[in-house]
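This report refers to the structure that appears directly beneath it.
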Amino acid sequence: MLRAVTASLSDPELIGPAPSGGEQQETFPRAARITRAVDFKRVLDSACRIKSGCLTFVALPNELGRARLGLAIPKRHVPRAVARNRVKRRLRESFRRHRNSLPSLDVVVLGRPGLNTQNNAQLCASIERAWRVLTERFATS
RNA sequence: GGAGUCGGCCGGGCAGUCGCUGCACCCGUGAGGGGGUGGAGGAAAGUCCGGGCUCCAUAGGGCAAGGUGCCAGGUAACGCCUGGGCGGCGCGAGCCGACGGAAAGUGCCACAGAGAACAGACCGCCGAUGGCCCCCUAGGGGGAUCAGGUAAGGGUGAAAAGGUGCGGUAAGAGCGCACCGCGCGGGUGGCAACACACCGCGGCACGGUAAACCCCACCCGGAGCAAGACCAAAUAGGGGAACAGGCGAUCUCGCCGCGUGCGGCCCGUACGGUUCCCGGGUAGGUCGCUUGAGGUGCAUGGUGACGUGCAUCCCAGAUGAAUGGCUGUCCAUGACAGAACCCGGCUUAUAGGCCGGCUCCCCCC
């Protein structure tokens, strides 16, 4: 875990294009997702929330040695299924890219009002900012 | 060539790369890995109809409620589709139609208008007939319009007592006649809806409204994949057994027996420890879950919807929920939009493009 964090800080590409074959594979297996209702509940009951744009990131350290992602984009804030899929795909893709540089956290991303009107650039900026904040806050602890 | 109309189809392509996911195969004790192969739509949407499937209910029948509503066919079924009829719109191809019943009953028909349902004289026209005035005066002529006559014209209205023409009359009027229309009965054609340049009768309306109540005919049990079936921790609780045996006695039966509370004691009653089993059942998991009223091709019956036969193909199945990101390039900027048990329809949204049938107009030969 510690090795992963230091590697990420020295990594030149944080926003850049595809890495073209680094040492670490940027995969997104099922083990990197929060799939159980109890896990969701435990994370959402924790106090650490970071608002970034129209998204809220709720984080809780875990003992697994890797970061996990869970999504909760409500139909109330993004009524159309296509738009909802777009938001979730952006989040998953960005998480996949930054997974190896993140601390060992369970992160649940919540949608907030106004999310429906965000374009891809705004969305990506919000997500990138959230990863940086999460890394800084949990890297030392 | 232009305008229009109907039907069908596509709805970014290609290459590279990094990911996700179903399936079978290989490697690995296992976690997992490897290469292969499949991976959103014409509407996946709205959830408006109709089915399949599942559980519950149910002898049979009726009422109520709801729905459908020209006729015939297609279909698993339909409120859908096809063909036909009728009415309306369009030069036409075509399009549109809750299109059964108003002589079973009830209700409503505003405003305007003189009058609106067993209806009417406001303006107008007439004033033959009766009365009035004038003139010549047996008799006749003229005038005004009091009685009155009149539904042709004006005006009101969504709608005003069938229409046109001729006759007729004081003026008019189905008052009479001809044609058209209407109603009733019959005939003919058609499976039927219905049609008719067919026959007879009736001078002629039995106004509209049933997406107002209603009447008639037909159809209809309820809930939905979070349906439902199975496996099944932990905790609490339910039921049962054992933990304790001994004595008498012939296989069998009888008697006594743990601790604590209530009580002076017995009977009685309540509570309690450990282990195991049983059933219900929560978290969680598995199935349901994709081979189907299925697609494609050929043949064949039918005007058609569609049916039949043969061959061939397997074409998403996720579950905190996959089907995407990036780069290059081309067409020249890609609309509406994302499966959640599955089908058949309807409705709504939709940038742009392709193909075919038909109609009308213009030009050339």
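By convention in this document, the chains of the structure tokens carry letters A, B, ... by their order, each chain's residues are numbered from 1, and ligands are numbered from 1 in the order they are shown.
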
For this session: Pull out every residue of chain B that has at least one atom within 12 Å of chain A, counting only C-alpha atoms (C1' of nucleotides), and report them as an MDAnalysis selection string.
Result: chainID B and resid 16:21 31:32 40 44:45 283:284 319:327 336:339

Please produce a file of those selected residues containing C-alpha atoms (C1' of nucleotides), as an mmCIF file, in the first residue's frame.
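Final output, saved to again-v7.cif:
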data_model
loop_
_atom_site.group_PDB
_atom_site.id
_atom_site.type_symbol
_atom_site.label_atom_id
_atom_site.label_comp_id
_atom_site.auth_asym_id
_atom_site.auth_seq_id
_atom_site.Cartn_x
_atom_site.Cartn_y
_atom_site.Cartn_z
ATOM 1 C "C1'" G B 16 -5.129 0.218 -32.938
ATOM 2 C "C1'" U B 17 -5.043 0.082 -27.680
ATOM 3 C "C1'" C B 18 -6.703 -0.148 -22.299
ATOM 4 C "C1'" G B 19 -10.947 -2.084 -19.515
ATOM 5 C "C1'" C B 20 -16.002 -4.704 -18.087
ATOM 6 C "C1'" U B 21 -19.160 -9.057 -18.714
ATOM 7 C "C1'" A B 31 -7.606 -17.025 -5.368
ATOM 8 C "C1'" G B 32 -7.068 -16.386 -10.276
ATOM 9 C "C1'" A B 40 -28.757 -2.755 -26.109
ATOM 10 C "C1'" A B 44 -35.036 -1.040 -25.169
ATOM 11 C "C1'" A B 45 -39.434 4.526 -23.470
ATOM 12 C "C1'" A B 283 -28.817 -12.021 6.341
ATOM 13 C "C1'" G B 284 -26.646 -14.283 2.234
ATOM 14 C "C1'" U B 319 -27.668 -8.173 -10.198
ATOM 15 C "C1'" G B 320 -24.612 -1.746 -6.184
ATOM 16 C "C1'" A B 321 -26.239 -3.865 -11.762
ATOM 17 C "C1'" A B 322 -21.495 -5.148 -17.906
ATOM 18 C "C1'" U B 323 -22.117 -3.527 -23.345
ATOM 19 C "C1'" G B 324 -17.305 1.649 -22.121
ATOM 20 C "C1'" G B 325 -12.553 5.030 -22.319
ATOM 21 C "C1'" C B 326 -8.501 6.902 -25.344
ATOM 22 C "C1'" U B 327 -5.870 7.643 -30.161
ATOM 23 C "C1'" C B 336 -34.240 10.299 -29.980
ATOM 24 C "C1'" A B 337 -32.498 7.460 -26.519
ATOM 25 C "C1'" G B 338 -30.108 2.191 -22.339
ATOM 26 C "C1'" A B 339 -32.433 -4.446 -21.752
#

Exercise. Skipping near chain neighbours, those fewer than 5 positions away, what residues fall within 12 Å of stretch 82-84 of chain B using only C-alpha atoms (C1' of nucleotides), listed as a PyMOL selection string?
Worked result: chain B and resi 70-75+190+192-194+302-306

Exercise. Stretch 232-239 of chain B: which residues within 12 Å, counting only C-alpha atoms (C1' of nucleotides), same-chain residues fewer than 5 positions away excluded, as number ranges by chain?
Worked result: B: 277-286

For the selection just defined, write its residues with N, CA and C atoms (P, O5', C5', C4', C3', O3' and C1' of nucleotides) to a file, as a compact mmCIF listing (two decimals), in the first residue's frame.
# COMPACT_ATOMS: atom_id res chain seq x y z
P C B 277 -27.13 -32.20 15.94
O5' C B 277 -28.65 -32.64 15.83
C5' C B 277 -28.98 -33.99 15.47
C4' C B 277 -30.44 -34.26 15.67
C3' C B 277 -31.40 -33.40 14.85
O3' C B 277 -31.51 -33.86 13.52
C1' C B 277 -32.19 -33.54 17.07
P C B 278 -31.84 -32.81 12.35
O5' C B 278 -33.37 -32.45 12.60
C5' C B 278 -34.38 -33.45 12.47
C4' C B 278 -35.73 -32.91 12.89
C3' C B 278 -36.19 -31.66 12.17
O3' C B 278 -36.72 -31.96 10.88
C1' C B 278 -36.61 -31.43 14.48
P G B 279 -36.29 -31.07 9.62
O5' G B 279 -37.39 -29.91 9.60
C5' G B 279 -38.77 -30.23 9.40
C4' G B 279 -39.66 -29.20 10.05
C3' G B 279 -39.48 -27.77 9.57
O3' G B 279 -40.15 -27.53 8.33
C1' G B 279 -39.54 -27.80 11.93
P G B 280 -39.58 -26.45 7.30
O5' G B 280 -39.98 -25.07 7.98
C5' G B 280 -41.35 -24.68 8.06
C4' G B 280 -41.50 -23.46 8.93
C3' G B 280 -40.80 -22.19 8.45
O3' G B 280 -41.52 -21.52 7.43
C1' G B 280 -40.42 -22.48 10.76
P G B 281 -40.76 -20.98 6.10
O5' G B 281 -39.80 -19.88 6.69
C5' G B 281 -40.30 -18.67 7.25
C4' G B 281 -39.22 -17.95 8.02
C3' G B 281 -38.01 -17.51 7.19
O3' G B 281 -38.25 -16.27 6.56
C1' G B 281 -37.27 -18.62 9.13
P U B 282 -37.34 -15.77 5.34
O5' U B 282 -36.28 -14.84 6.08
C5' U B 282 -36.71 -13.65 6.73
C4' U B 282 -35.54 -12.96 7.40
C3' U B 282 -34.32 -12.74 6.55
O3' U B 282 -34.45 -11.61 5.71
C1' U B 282 -33.66 -13.62 8.63
P A B 283 -33.72 -11.55 4.26
O5' A B 283 -32.18 -11.41 4.66
C5' A B 283 -31.70 -10.19 5.22
C4' A B 283 -30.24 -10.32 5.61
C3' A B 283 -29.29 -10.66 4.48
O3' A B 283 -28.94 -9.53 3.70
C1' A B 283 -28.82 -12.02 6.34
P G B 284 -29.07 -9.60 2.09
O5' G B 284 -28.12 -10.81 1.71
C5' G B 284 -26.71 -10.70 1.87
C4' G B 284 -26.05 -12.06 1.76
C3' G B 284 -26.28 -12.79 0.44
O3' G B 284 -25.44 -12.32 -0.61
C1' G B 284 -26.65 -14.28 2.23
P G B 285 -25.99 -12.31 -2.11
O5' G B 285 -26.03 -13.86 -2.49
C5' G B 285 -24.83 -14.60 -2.61
C4' G B 285 -25.11 -16.07 -2.66
C3' G B 285 -25.84 -16.58 -3.90
O3' G B 285 -24.99 -16.69 -5.03
C1' G B 285 -26.76 -17.58 -1.97
P U B 286 -25.57 -16.49 -6.51
O5' U B 286 -26.39 -17.83 -6.76
C5' U B 286 -25.72 -19.08 -6.86
C4' U B 286 -26.71 -20.22 -6.97
C3' U B 286 -27.70 -20.14 -8.11
O3' U B 286 -27.14 -20.56 -9.35
C1' U B 286 -28.84 -20.75 -6.14

Problem set entry | atom C1' of B:A212 to atom C1' of B:G66, straight-line distance in Å | 18.7 Å

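Once B:C343 and its same-chain neighbours fewer than 6 positions away are set aside, G51, G52, G292 and A293 of chain B remain within 9 Å of it when counting only C-alpha atoms (C1' of nucleotides).
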
Exercise. Skipping near chain neighbours, those fewer than 3 positions away, what residues fall within 12 Å of B:U37 using only C-alpha atoms (C1' of nucleotides), listed as a list of chain:residue names?
Worked result: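 In the requested format, the answer is B:G22, B:C23, B:A24, B:C25.
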